[in-house]
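Raw final_38.txt, compact mmCIF, C-alpha atoms and all ligand atoms:
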```txt
# COMPACT_ATOMS: atom_id res chain seq x y z
CA MET M 1 -65.24 57.96 -9.20
CA THR M 2 -63.18 55.14 -7.68
CA GLU M 3 -60.18 53.77 -9.50
CA ARG M 4 -62.04 50.53 -10.15
CA THR M 5 -65.11 52.29 -11.56
CA GLU M 6 -62.81 54.27 -13.84
CA LEU M 7 -61.14 51.04 -14.98
CA ARG M 8 -64.57 49.56 -15.75
CA ARG M 9 -65.50 52.65 -17.74
CA GLN M 10 -62.28 52.52 -19.76
CA VAL M 11 -62.80 48.87 -20.76
CA ARG M 12 -66.47 49.49 -21.55
CA ASP M 13 -65.62 52.53 -23.72
CA LEU M 14 -62.92 50.68 -25.63
CA CYS M 15 -65.24 47.75 -26.37
CA ARG M 16 -68.07 50.05 -27.43
CA SER M 17 -65.92 52.06 -29.80
CA ARG M 18 -64.33 48.97 -31.41
CA ARG M 19 -67.80 47.43 -31.82
CA ASP M 20 -69.20 50.66 -33.32
CA GLU M 21 -66.26 50.78 -35.75
CA GLY M 22 -67.32 47.30 -36.91
CA ARG M 23 -64.14 45.69 -35.56
CA TYR M 24 -66.21 42.92 -33.97
CA ARG M 25 -69.72 41.59 -33.63
CA PRO M 26 -70.74 40.80 -30.03
CA ARG M 27 -70.98 37.02 -29.68
CA ALA M 28 -71.99 34.57 -27.02
CA ASP M 29 -69.09 32.35 -25.88
CA ALA M 30 -66.67 34.89 -27.37
CA TRP M 31 -63.90 33.98 -24.92
CA LEU M 32 -63.60 30.64 -26.69
CA ARG M 33 -64.89 31.43 -30.18
CA SER M 34 -63.84 35.00 -31.08
CA PHE M 35 -60.14 35.21 -31.88
CA ASP M 36 -58.59 38.56 -32.84
CA LEU M 37 -54.89 38.93 -32.14
CA GLU M 38 -54.91 42.67 -32.84
CA PHE M 39 -57.72 43.25 -30.34
CA SER M 40 -55.80 41.26 -27.70
CA ARG M 41 -52.68 43.32 -28.41
CA GLU M 42 -54.65 46.52 -27.97
CA LEU M 43 -55.81 45.27 -24.55
CA ALA M 44 -52.18 44.41 -23.79
CA ARG M 45 -51.10 47.99 -24.56
CA HIS M 46 -53.55 49.14 -21.87
CA GLY M 47 -51.94 46.71 -19.41
CA TRP M 48 -55.03 44.48 -19.28
CA ILE M 49 -53.30 41.16 -19.99
CA GLY M 50 -51.23 39.66 -17.18
CA MET M 51 -52.40 42.61 -15.13
CA THR M 52 -51.88 40.87 -11.76
CA TRP M 53 -48.29 39.85 -12.56
CA PRO M 54 -45.13 41.63 -11.40
CA ARG M 55 -43.83 44.45 -13.61
CA ARG M 56 -40.52 42.58 -14.12
CA VAL M 57 -42.40 40.08 -16.35
CA GLY M 58 -44.65 42.57 -18.13
CA GLY M 59 -47.48 42.72 -15.60
CA ALA M 60 -49.19 45.72 -14.03
CA GLU M 61 -49.22 44.53 -10.37
CA ARG M 62 -52.99 45.02 -10.07
CA SER M 63 -55.26 42.80 -7.98
CA ASN M 64 -57.35 39.84 -9.13
CA VAL M 65 -60.44 41.90 -8.27
CA ASP M 66 -59.24 44.57 -10.75
CA ARG M 67 -58.69 41.82 -13.30
CA LEU M 68 -62.24 40.63 -12.67
CA VAL M 69 -63.54 44.11 -13.54
CA VAL M 70 -61.71 43.91 -16.90
CA THR M 71 -62.73 40.34 -17.75
CA GLU M 72 -66.33 40.98 -16.76
CA GLU M 73 -66.58 43.99 -19.11
CA LEU M 74 -64.95 42.12 -21.99
CA LEU M 75 -67.38 39.23 -21.57
CA ARG M 76 -70.42 41.51 -21.23
CA ALA M 77 -69.40 43.10 -24.52
CA GLY M 78 -69.03 39.71 -26.24
CA ALA M 79 -65.58 40.96 -27.36
CA PRO M 80 -63.00 38.84 -29.26
CA VAL M 81 -60.67 37.79 -26.46
CA ALA M 82 -59.87 34.14 -27.23
CA ALA M 83 -56.29 34.86 -28.38
CA HIS M 84 -55.05 35.72 -24.90
CA TRP M 85 -57.62 34.05 -22.64
CA ILE M 86 -55.81 30.82 -21.75
CA GLY M 87 -52.36 32.36 -21.29
CA ASP M 88 -53.71 35.23 -19.19
CA ARG M 89 -56.16 33.16 -17.15
CA GLN M 90 -54.23 30.08 -16.19
CA ILE M 91 -50.90 29.24 -17.84
CA GLY M 92 -49.30 32.59 -17.02
CA PRO M 93 -50.33 32.34 -13.34
CA SER M 94 -49.15 28.73 -13.24
CA ILE M 95 -45.70 29.67 -14.63
CA LEU M 96 -45.57 32.54 -12.15
CA ARG M 97 -46.33 30.19 -9.26
CA HIS M 98 -44.21 27.19 -10.24
CA GLY M 99 -41.88 28.13 -13.12
CA THR M 100 -38.19 28.96 -12.77
CA PRO M 101 -37.21 32.65 -12.98
CA GLU M 102 -35.69 31.87 -16.42
CA LEU M 103 -38.97 30.38 -17.69
CA GLN M 104 -40.91 33.33 -16.27
CA ARG M 105 -38.59 35.79 -18.04
CA GLU M 106 -38.77 33.83 -21.27
CA ILE M 107 -42.54 33.39 -21.51
CA LEU M 108 -44.56 35.82 -19.40
CA PRO M 109 -43.69 39.12 -21.15
CA GLY M 110 -44.82 37.60 -24.49
CA ILE M 111 -48.18 36.58 -22.99
CA ALA M 112 -48.64 40.03 -21.41
CA SER M 113 -47.93 41.74 -24.77
CA GLY M 114 -50.36 39.49 -26.66
CA ASP M 115 -47.55 37.99 -28.77
CA HIS M 116 -47.67 34.47 -27.31
CA VAL M 117 -50.87 32.50 -27.85
CA LEU M 118 -51.27 29.55 -25.49
CA CYS M 119 -53.25 26.35 -25.85
CA LEU M 120 -54.08 23.75 -23.26
CA GLY M 121 -52.87 20.18 -23.81
CA MET M 122 -54.63 18.32 -21.04
CA SER M 123 -57.43 16.12 -22.43
CA GLU M 124 -56.76 12.91 -24.35
CA PRO M 125 -59.07 10.36 -26.00
CA GLU M 126 -59.01 8.23 -22.81
CA ALA M 127 -58.39 11.02 -20.30
CA GLY M 128 -61.00 13.74 -19.91
CA SER M 129 -62.83 13.67 -16.58
CA ASP M 130 -60.20 11.20 -15.42
CA LEU M 131 -57.33 13.56 -16.27
CA ALA M 132 -54.75 11.58 -14.28
CA ALA M 133 -55.15 8.78 -16.85
CA VAL M 134 -53.08 10.72 -19.45
CA ARG M 135 -50.96 8.43 -21.63
CA THR M 136 -48.81 11.03 -23.36
CA THR M 137 -45.27 10.29 -22.21
CA ALA M 138 -42.13 12.38 -21.85
CA ARG M 139 -38.84 10.43 -21.67
CA PRO M 140 -35.64 12.05 -20.37
CA THR M 141 -33.00 12.62 -23.05
CA ALA M 142 -29.82 14.70 -23.33
CA GLY M 143 -30.77 18.31 -22.51
CA GLY M 144 -34.48 17.68 -22.09
CA TRP M 145 -37.35 15.33 -22.86
CA ARG M 146 -38.88 13.46 -25.81
CA VAL M 147 -42.69 13.58 -25.97
CA ASP M 148 -45.04 11.09 -27.65
CA GLY M 149 -48.83 11.09 -27.42
CA ARG M 150 -52.15 12.50 -28.54
CA LYS M 151 -54.15 15.40 -27.11
CA ILE M 152 -57.72 16.18 -28.09
CA TRP M 153 -60.20 19.09 -27.93
CA THR M 154 -57.23 21.47 -27.82
CA SER M 155 -58.77 24.91 -28.33
CA HIS M 156 -56.82 27.18 -30.72
CA ALA M 157 -53.88 24.76 -31.09
CA HIS M 158 -53.87 25.74 -34.79
CA ARG M 159 -53.11 29.35 -33.83
CA ALA M 160 -51.04 28.85 -30.69
CA THR M 161 -47.36 29.66 -30.40
CA HIS M 162 -47.02 27.51 -27.24
CA SER M 163 -48.85 24.60 -25.66
CA TYR M 164 -49.16 23.70 -22.02
CA LEU M 165 -48.72 19.92 -21.85
CA LEU M 166 -49.51 17.42 -19.11
CA ALA M 167 -47.49 14.23 -19.64
CA ARG M 168 -46.49 11.08 -17.78
CA THR M 169 -42.78 11.05 -16.92
CA GLU M 170 -42.80 8.01 -14.62
CA ARG M 171 -44.78 4.81 -14.35
CA THR M 172 -46.08 4.76 -10.79
CA GLU M 173 -48.51 2.69 -8.75
CA ARG M 174 -50.77 5.68 -8.15
CA LYS M 175 -51.78 7.29 -11.46
CA HIS M 176 -51.78 10.78 -9.86
CA ASP M 177 -48.02 10.49 -9.29
CA GLY M 178 -45.39 10.73 -12.03
CA LEU M 179 -47.09 13.49 -14.05
CA THR M 180 -45.18 16.56 -15.24
CA GLU M 181 -46.21 19.91 -16.73
CA PHE M 182 -44.35 21.34 -19.73
CA LEU M 183 -44.45 24.32 -22.01
CA VAL M 184 -43.89 23.30 -25.64
CA ASP M 185 -43.18 25.44 -28.73
CA MET M 186 -45.93 24.66 -31.23
CA ASP M 187 -43.48 24.90 -34.14
CA SER M 188 -41.33 22.06 -32.75
CA PRO M 189 -40.71 19.27 -35.28
CA GLY M 190 -43.02 16.28 -34.68
CA ILE M 191 -46.23 18.16 -33.81
CA THR M 192 -49.28 17.65 -36.06
CA VAL M 193 -52.46 19.66 -35.52
CA THR M 194 -55.70 18.39 -37.10
CA PRO M 195 -58.94 20.43 -36.96
CA ILE M 196 -62.09 19.20 -35.23
CA VAL M 197 -65.18 21.08 -36.43
CA ASP M 198 -67.98 21.41 -33.86
CA MET M 199 -71.70 21.10 -34.55
CA ALA M 200 -72.01 24.88 -35.03
CA GLY M 201 -69.60 24.43 -37.98
CA SER M 202 -66.80 26.34 -36.29
CA HIS M 203 -63.20 25.26 -35.94
CA HIS M 204 -61.80 26.18 -32.55
CA PHE M 205 -60.57 22.89 -31.16
CA ASN M 206 -58.19 20.29 -32.56
CA GLU M 207 -56.40 17.00 -32.19
CA VAL M 208 -52.68 17.43 -31.53
CA VAL M 209 -50.26 14.55 -32.09
CA PHE M 210 -46.74 14.60 -30.60
CA GLU M 211 -44.20 12.29 -32.24
CA ASP M 212 -40.77 12.22 -30.66
CA VAL M 213 -40.98 15.96 -29.93
CA PHE M 214 -37.91 17.41 -28.17
CA VAL M 215 -38.71 19.70 -25.23
CA PRO M 216 -35.74 21.45 -23.54
CA ALA M 217 -35.18 20.77 -19.82
CA GLY M 218 -35.91 24.42 -18.99
CA ARG M 219 -39.47 24.01 -20.22
CA VAL M 220 -40.61 21.90 -17.25
CA ILE M 221 -43.12 23.92 -15.20
CA GLY M 222 -42.35 23.33 -11.53
CA VAL M 223 -41.20 19.97 -10.27
CA ALA M 224 -41.07 16.86 -12.50
CA GLY M 225 -43.50 14.27 -11.13
CA GLN M 226 -45.52 16.85 -9.15
CA GLY M 227 -47.79 17.78 -12.06
CA TRP M 228 -51.00 16.57 -10.45
CA ARG M 229 -50.82 18.88 -7.42
CA GLN M 230 -49.90 21.79 -9.69
CA VAL M 231 -52.63 21.14 -12.26
CA THR M 232 -55.37 20.97 -9.62
CA GLU M 233 -54.33 24.45 -8.47
CA GLN M 234 -54.42 25.63 -12.09
CA LEU M 235 -58.00 24.37 -12.40
CA ALA M 236 -59.10 26.91 -9.77
CA HIS M 237 -58.04 29.62 -12.25
CA GLU M 238 -59.71 27.73 -15.11
CA ARG M 239 -63.05 27.27 -13.32
CA GLY M 240 -63.38 30.29 -11.05
CA GLY M 241 -63.77 33.18 -13.50
CA PRO M 242 -66.75 35.14 -14.84
CA GLU M 243 -66.55 33.34 -18.21
CA ARG M 244 -68.35 30.45 -16.48
CA VAL M 245 -71.30 32.78 -15.88
CA LEU M 246 -71.27 35.26 -18.76
CA SER M 247 -70.88 33.09 -21.90
CA THR M 248 -74.54 33.81 -22.68
CA TYR M 249 -74.62 37.39 -21.39
CA PRO M 250 -75.08 38.95 -24.87
CA VAL M 251 -78.33 36.94 -25.08
CA LEU M 252 -79.46 38.12 -21.63
CA ALA M 253 -78.58 41.72 -22.57
CA GLY M 254 -80.71 41.31 -25.72
CA LEU M 255 -83.63 40.16 -23.57
CA LEU M 256 -83.26 43.01 -21.11
CA THR M 257 -83.18 45.65 -23.83
CA ALA M 258 -85.79 44.05 -26.14
CA ASN M 259 -88.72 46.27 -26.91
CA ALA M 260 -91.20 43.55 -26.01
CA GLU M 261 -94.57 43.22 -24.31
CA TRP M 262 -93.69 40.88 -21.45
CA ASP M 263 -96.38 38.94 -19.67
CA GLU M 264 -96.03 38.98 -15.91
CA GLY M 265 -94.89 35.36 -15.55
CA LEU M 266 -92.01 35.90 -17.99
CA LEU M 267 -91.07 39.13 -16.29
CA VAL M 268 -90.78 37.32 -12.95
CA GLU M 269 -88.59 34.62 -14.55
CA LEU M 270 -86.38 37.29 -16.12
CA GLY M 271 -86.08 39.03 -12.76
CA GLU M 272 -85.03 35.74 -11.17
CA LEU M 273 -82.27 35.33 -13.76
CA VAL M 274 -80.96 38.82 -13.03
CA ALA M 275 -81.02 38.09 -9.28
CA ARG M 276 -79.07 34.85 -9.82
CA LEU M 277 -76.54 36.76 -11.88
CA GLY M 278 -76.04 39.11 -8.91
CA THR M 279 -75.26 36.17 -6.62
CA LEU M 280 -72.89 34.60 -9.14
CA ARG M 281 -71.04 37.91 -9.53
CA ALA M 282 -70.57 38.03 -5.77
CA MET M 283 -69.10 34.50 -5.95
CA CYS M 284 -66.68 35.63 -8.69
CA VAL M 285 -65.51 38.45 -6.42
CA ARG M 286 -64.95 35.98 -3.59
CA VAL M 287 -62.81 33.73 -5.81
CA ALA M 288 -60.78 36.76 -7.00
CA GLU M 289 -60.27 37.89 -3.39
CA ALA M 290 -59.10 34.41 -2.44
CA LEU M 291 -56.58 34.46 -5.33
CA ASP M 292 -55.36 37.85 -4.05
CA THR M 293 -54.52 36.27 -0.70
CA GLY M 294 -52.40 33.66 -2.53
CA THR M 295 -54.71 30.71 -1.86
CA SER M 296 -56.10 28.28 -4.41
CA PRO M 297 -59.90 28.34 -4.05
CA ILE M 298 -60.44 24.91 -5.65
CA ARG M 299 -63.80 24.23 -3.97
CA GLU M 300 -65.22 27.74 -4.55
CA ALA M 301 -64.17 27.63 -8.21
CA ALA M 302 -65.84 24.22 -8.72
CA THR M 303 -69.04 25.57 -7.11
CA LEU M 304 -68.97 28.68 -9.29
CA LYS M 305 -68.47 26.69 -12.48
CA TYR M 306 -71.27 24.29 -11.64
CA LEU M 307 -73.79 27.04 -10.76
CA GLY M 308 -72.55 29.39 -13.50
CA THR M 309 -73.04 26.94 -16.35
CA GLU M 310 -76.53 26.06 -15.01
CA PHE M 311 -77.31 29.78 -15.16
CA GLU M 312 -75.93 30.13 -18.70
CA ARG M 313 -78.12 27.24 -19.82
CA ASP M 314 -81.22 28.68 -18.09
CA VAL M 315 -80.71 32.03 -19.86
CA LEU M 316 -80.91 30.20 -23.19
CA GLU M 317 -83.91 28.11 -22.14
CA PHE M 318 -85.70 31.28 -21.09
CA ALA M 319 -84.83 33.07 -24.36
CA ARG M 320 -86.04 30.10 -26.38
CA GLY M 321 -89.28 29.86 -24.44
CA ALA M 322 -89.92 33.58 -24.49
CA ALA M 323 -89.19 33.87 -28.25
CA VAL M 324 -89.23 37.64 -27.85
CA PRO M 325 -89.47 39.53 -31.14
CA GLY M 326 -86.20 41.38 -31.69
CA VAL M 327 -84.20 38.85 -29.70
CA LEU M 328 -84.31 36.44 -32.60
CA ALA M 329 -82.97 38.97 -35.14
CA PRO M 330 -80.66 37.44 -37.82
CA ASP M 331 -77.46 38.70 -36.17
CA ASP M 332 -78.63 37.79 -32.68
CA PRO M 333 -76.24 35.58 -30.69
CA LEU M 334 -79.01 33.22 -29.47
CA GLY M 335 -78.70 30.67 -32.29
CA GLU M 336 -74.93 30.43 -31.94
CA ALA M 337 -75.25 30.22 -28.18
CA ILE M 338 -77.72 27.33 -28.37
CA LEU M 339 -75.30 25.38 -30.57
CA ALA M 340 -72.38 26.13 -28.24
CA ALA M 341 -74.28 25.38 -25.02
CA PRO M 342 -73.79 21.59 -24.80
CA GLY M 343 -70.07 22.27 -24.25
CA PHE M 344 -70.58 24.66 -21.31
CA SER M 345 -71.12 22.00 -18.68
CA ILE M 346 -68.44 19.67 -20.13
CA ARG M 347 -65.37 21.85 -20.82
CA GLY M 348 -63.09 22.60 -17.90
CA GLY M 349 -64.60 19.71 -15.90
CA SER M 350 -68.10 18.32 -16.39
CA SER M 351 -70.90 19.16 -13.94
CA GLU M 352 -71.05 15.55 -12.67
CA VAL M 353 -67.33 15.60 -11.92
CA LEU M 354 -67.59 18.98 -10.17
CA LEU M 355 -70.40 17.65 -7.98
CA SER M 356 -68.26 14.68 -7.10
CA ILE M 357 -65.30 16.98 -6.17
CA LEU M 358 -67.63 19.01 -3.93
CA ALA M 359 -69.12 15.91 -2.32
CA LYS M 360 -65.64 14.55 -1.54
CA GLN M 361 -64.55 17.89 -0.03
CA GLU M 362 -67.70 17.97 2.14
CA ALA M 363 -66.88 14.47 3.37
CA LEU M 364 -63.38 15.51 4.51
C1 LIG B 401 -65.80 23.49 -26.11
C2 LIG B 401 -64.73 22.66 -25.46
C3 LIG B 401 -63.43 23.10 -25.44
C4 LIG B 401 -62.43 22.33 -24.85
N1 LIG B 401 -61.13 22.77 -24.86
C5 LIG B 401 -60.16 22.01 -24.30
C6 LIG B 401 -58.80 22.43 -24.35
O1 LIG B 401 -58.47 23.52 -24.86
N2 LIG B 401 -57.85 21.63 -23.81
C7 LIG B 401 -58.16 20.44 -23.21
O2 LIG B 401 -57.25 19.78 -22.71
N3 LIG B 401 -59.44 20.00 -23.17
C8 LIG B 401 -60.44 20.75 -23.70
N4 LIG B 401 -61.75 20.30 -23.68
C9 LIG B 401 -62.02 18.97 -23.15
C10 LIG B 401 -62.76 18.95 -21.83
O3 LIG B 401 -61.97 19.38 -20.76
C11 LIG B 401 -63.27 17.51 -21.66
O4 LIG B 401 -64.25 17.32 -22.65
C12 LIG B 401 -63.87 17.26 -20.29
O5 LIG B 401 -62.86 17.23 -19.32
C13 LIG B 401 -64.66 15.93 -20.26
O6 LIG B 401 -63.86 14.88 -20.73
P1 LIG B 401 -64.39 13.88 -21.89
O7 LIG B 401 -64.84 14.69 -23.05
O8 LIG B 401 -63.32 12.86 -22.12
O9 LIG B 401 -65.68 13.17 -21.30
P2 LIG B 401 -65.72 11.93 -20.30
O10 LIG B 401 -64.73 12.11 -19.23
O11 LIG B 401 -65.65 10.67 -21.13
O12 LIG B 401 -67.17 12.08 -19.69
C14 LIG B 401 -68.36 11.70 -20.42
C15 LIG B 401 -69.55 11.85 -19.47
O13 LIG B 401 -69.39 10.95 -18.37
C16 LIG B 401 -69.50 11.67 -17.15
N5 LIG B 401 -68.54 11.14 -16.16
C17 LIG B 401 -67.24 10.84 -16.38
N6 LIG B 401 -66.66 10.43 -15.23
C18 LIG B 401 -67.61 10.49 -14.28
C19 LIG B 401 -67.62 10.19 -12.89
N7 LIG B 401 -66.54 9.78 -12.26
N8 LIG B 401 -68.79 10.37 -12.21
C20 LIG B 401 -69.91 10.81 -12.85
N9 LIG B 401 -69.95 11.09 -14.17
C21 LIG B 401 -68.82 10.94 -14.87
C22 LIG B 401 -69.13 13.10 -17.48
O14 LIG B 401 -69.75 13.99 -16.58
C23 LIG B 401 -69.68 13.27 -18.87
O15 LIG B 401 -71.06 13.60 -18.82
C24 LIG B 401 -62.76 21.07 -24.26
C25 LIG B 401 -64.09 20.62 -24.29
C26 LIG B 401 -65.07 21.41 -24.87
C27 LIG B 401 -66.49 20.88 -24.89
```

I need this file expressed as structure tokens, please.
Amino acid sequence: MTERTELRRQVRDLCRSRRDEGRYRPRADAWLRSFDLEFSRELARHGWIGMTWPRRVGGAERSNVDRLVVTEELLRAGAPVAAHWIGDRQIGPSILRHGTPELQREILPGIASGDHVLCLGMSEPEAGSDLAAVRTTARPTAGGWRVDGRKIWTSHAHRATHSYLLARTERTERKHDGLTEFLVDMDSPGITVTPIVDMAGSHHFNEVVFEDVFVPAGRVIGVAGQGWRQVTEQLAHERGGPERVLSTYPVLAGLLTANAEWDEGLLVELGELVARLGTLRAMCVRVAEALDTGTSPIREAATLKYLGTEFERDVLEFARGAAVPGVLAPDDPLGEAILAAPGFSIRGGSSEVLLSILAKQEAL
């Protein structure tokens, strides 16, 4: 057995035993919706959070392809991984790439141990697809910065210990200039978190208001004013992972194992879905390999997210159309997945915006 196959087996066994003990119920979209700090800490004890990072900051110095094996198994299992997902996937790597050694030492070990929970303060009421239009400002002050503004759709802000924050630090002619990335303590005075309940009735995202919030100088990630270049690199991590393909995997697994009499047409459609999944997995491996060479596969990640969320939606459409007995059991994830699905092609960059990024890159 290769080392990677053994790693896959270990993650699979852990998920199965925690599920069988009743620790969690497999859910669609679990990476956003299923939050269990203790489960994340157990993964951390195995070295499966921050696993590509250097040992000096709590990592395990494994490859991004190894990390893909772990994330893929967690997503297949519909396991509760939301507590560490954002820190492990994108803010940790961003701090590793751009943060000072002091910031790395201060923050990364806590993410790798599952003690720090990160949220993502990018979107604002007037800045979603057009992220460079952010109006939240950070003004220089003695020893740091003072932040004022409003972020929206901030997943798990109500549970986070730290927030990534994109803010305007200079008024410039070009809106892409003068942006800066920060890491903010969520218990800083002046931060108010208000829940937003989605149409499935669940509370995972929030509005976050910053009123004269002090952020120490050492909490700038990278270079002040260079936030745009840095955040576009970060989006490759945000868009290029298997969670953009496997949010509805528990539904697909239910279909594949259902004890149903399939007619031939449906069987062909199901086979096509499985074949598409194979191609998308190969694309995930390519993105992980690119990250291992130190590049930022922005275009490949945008392609993967676009095609992956189309696939996730088609799995649900198929399940709805097939209405296979057994798939629609009361604890089946299909209903939840259908209610979550409208967000798949919006979060992390809408499909229209991804197509426009790809078209512009083709034109270069
Ligand atoms: C479940 C979920 C979780 C989220 N979590 C977070 C989070 O943790 N942190 C965070 O910062 N944000 C988060 N978001 C916000 C998400 O990133 C934004 O919703 C997304 O970037 C789109 O922005 P918007 O909602 O302002 O829509 P808009 O930008 O207003 O877009 C509305 C529609 O117009 C289309 N459109 C806009 N511009 C163009 C264009 N130039 N060309 C063609 N079509 C266009 C879009 O495709 C979309 O269909 C989350 C969103 C969801 C759904």

Distance query stretch 31-43 of chain M at most 6 Å, all atoms listed in the file, self and fewer than 5 positions along chain excluded, as a list of chain:residue names
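Selected residues are M:Trp48, M:Pro80, M:Val81, M:Ala82, M:Ala83, M:Gly114.
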
Please identify all polymer residues lying at most 8 Å from the point (-51.5, 12.1, -35.0) (file coordinates), using all atoms listed in the file, and present the result as a PyMOL selection string.
chain M and resi 150+192-194+207-211

M:Thr71 proximity check over M:Arg244, M:His156, M:Arg45, M:His203, using all atoms listed in the file: winner is M:Arg244

I need the residue nearest M:Leu339 from this list: M:Ile221, M:Val117, M:Ala200, M:Arg168. Use only C-alpha atoms for the distance.
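Checking each of M:Ile221, M:Val117, M:Ala200, M:Arg168 against M:Leu339, counting only C-alpha atoms, the winner is M:Ala200.
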
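The space between atom CA of M:Thr100 and atom CA of M:Ser123 spans 25.1 Å.
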
So how many Å separate atom CA of M:Met186 and atom CA of M:Pro101, to one decimal?
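According to the coordinates, atom CA of M:Met186 and atom CA of M:Pro101 are separated by 21.7 Å.
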
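Taking atom CA of M:Leu108 and atom CA of M:Glu243 as the two end points, the separation is 22.2 Å.
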
So which residues are near ligand LIG 401 (chain B), meaning at most 7 Å away with only C-alpha atoms and all ligand atoms counted, given back as a PDB file with C-alpha atoms, keeping the file's coordinate frame?
```
ATOM      1  CA  CYS M 119     -53.250  26.350 -25.850  1.00  0.00           C
ATOM      2  CA  LEU M 120     -54.080  23.750 -23.260  1.00  0.00           C
ATOM      3  CA  GLY M 121     -52.870  20.180 -23.810  1.00  0.00           C
ATOM      4  CA  MET M 122     -54.630  18.320 -21.040  1.00  0.00           C
ATOM      5  CA  SER M 123     -57.430  16.120 -22.430  1.00  0.00           C
ATOM      6  CA  GLU M 124     -56.760  12.910 -24.350  1.00  0.00           C
ATOM      7  CA  PRO M 125     -59.070  10.360 -26.000  1.00  0.00           C
ATOM      8  CA  GLU M 126     -59.010   8.230 -22.810  1.00  0.00           C
ATOM      9  CA  ALA M 127     -58.390  11.020 -20.300  1.00  0.00           C
ATOM     10  CA  GLY M 128     -61.000  13.740 -19.910  1.00  0.00           C
ATOM     11  CA  SER M 129     -62.830  13.670 -16.580  1.00  0.00           C
ATOM     12  CA  ASP M 130     -60.200  11.200 -15.420  1.00  0.00           C
ATOM     13  CA  LYS M 151     -54.150  15.400 -27.110  1.00  0.00           C
ATOM     14  CA  ILE M 152     -57.720  16.180 -28.090  1.00  0.00           C
ATOM     15  CA  TRP M 153     -60.200  19.090 -27.930  1.00  0.00           C
ATOM     16  CA  THR M 154     -57.230  21.470 -27.820  1.00  0.00           C
ATOM     17  CA  SER M 155     -58.770  24.910 -28.330  1.00  0.00           C
ATOM     18  CA  PHE M 205     -60.570  22.890 -31.160  1.00  0.00           C
ATOM     19  CA  GLY M 343     -70.070  22.270 -24.250  1.00  0.00           C
ATOM     20  CA  PHE M 344     -70.580  24.660 -21.310  1.00  0.00           C
ATOM     21  CA  ILE M 346     -68.440  19.670 -20.130  1.00  0.00           C
ATOM     22  CA  ARG M 347     -65.370  21.850 -20.820  1.00  0.00           C
ATOM     23  CA  GLY M 348     -63.090  22.600 -17.900  1.00  0.00           C
ATOM     24  CA  GLY M 349     -64.600  19.710 -15.900  1.00  0.00           C
ATOM     25  CA  SER M 350     -68.100  18.320 -16.390  1.00  0.00           C
ATOM     26  CA  SER M 351     -70.900  19.160 -13.940  1.00  0.00           C
ATOM     27  CA  GLU M 352     -71.050  15.550 -12.670  1.00  0.00           C
ATOM     28  CA  VAL M 353     -67.330  15.600 -11.920  1.00  0.00           C
ATOM     29  CA  SER M 356     -68.260  14.680  -7.100  1.00  0.00           C
TER      30      SER M 356
END
```

Considering all atoms listed in the file, state which residue in the set M:Val197, M:Ala79, M:Ala138, M:Leu118 is at the smallest distance from M:Arg159.
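Closest to M:Arg159, using all atoms listed in the file: M:Leu118.
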
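Ranking M:Arg97, M:Arg23, M:Arg146, M:Arg55 by their shortest atom-to-atom distance to M:Pro109, with only C-alpha atoms included, puts M:Arg55 first.
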
Cut-off 8 Å: closest stretch 43-123 of chain M/stretch 286-294 of chain M atom pairs per residue, using all atoms listed in the file, as a tab-separated table:
```
residue	atom	partner	partner_atom	distance
M:Ser63	CA	M:Asp292	CA	6.3
M:Asn64	CA	M:Ala288	CA	5.1
M:Val65	CA	M:Ala288	CA	5.3
M:Leu68	CA	M:Ala288	CA	7.0
```

Residue with the minimum atom-to-atom distance to M:Thr248, picked from M:Glu61, M:Asp314, M:Glu181, M:Asp66 with only C-alpha atoms counted, is M:Asp314

If we count all atoms listed in the file, what is near M:Glu3 at a cut-off of 12 Å, once residues fewer than 3 positions away on the same chain are taken out, given as an MDAnalysis selection string?
chainID M and resid 6:10 62 65:66 69

Can you pull out every residue within 8 Å of M:Leu334, counting all atoms listed in the file, but drop anything in the same chain fewer than 2 positions away, and send it as JSON, numbers by chain?
{"M": [28, 251, 316, 319, 327, 328, 332, 336, 337, 338]}

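Shortest atom-to-atom contact with M:His158 among M:Ile191, M:Val315, M:Val268, M:Val274: M:Ile191, counting only C-alpha atoms.
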
Need to verify the contact set: M:Ala60, 10 Å, all atoms listed in the file, exclusion of same-chain residues closer than 5 positions in sequence. Can you return it as an NGL selection string?
:M and (46-55 or 112)

Here's a test: counting only C-alpha atoms, identify every protein, DNA and RNA residue with an atom at most 9 Å from (-50.2, 26.9, -12.4) in the file's coordinate frame, and state them as JSON, numbers by chain.
{"M": [90, 91, 92, 93, 94, 95, 96, 97, 98, 99, 221, 222, 230, 231, 232, 233, 234, 235, 237]}

Listed atoms of stretch 180-199 of chain M, axis-aligned box, 4 Å per side: centre and edge lengths to one decimal in Å, as AutoDock Vina command-line options?
```
--center_x -56.2 --center_y 20.9 --center_z -26.2 --size_x 39.0 --size_y 17.2 --size_z 29.9
```

Residues near stretch 280-283 of chain M, anyone? I mean within 8 Å using all atoms listed in the file, not counting same-chain ones fewer than 5 positions away, as an NGL selection string.
:M and (242 or 245 or 300 or 304 or 307-308)
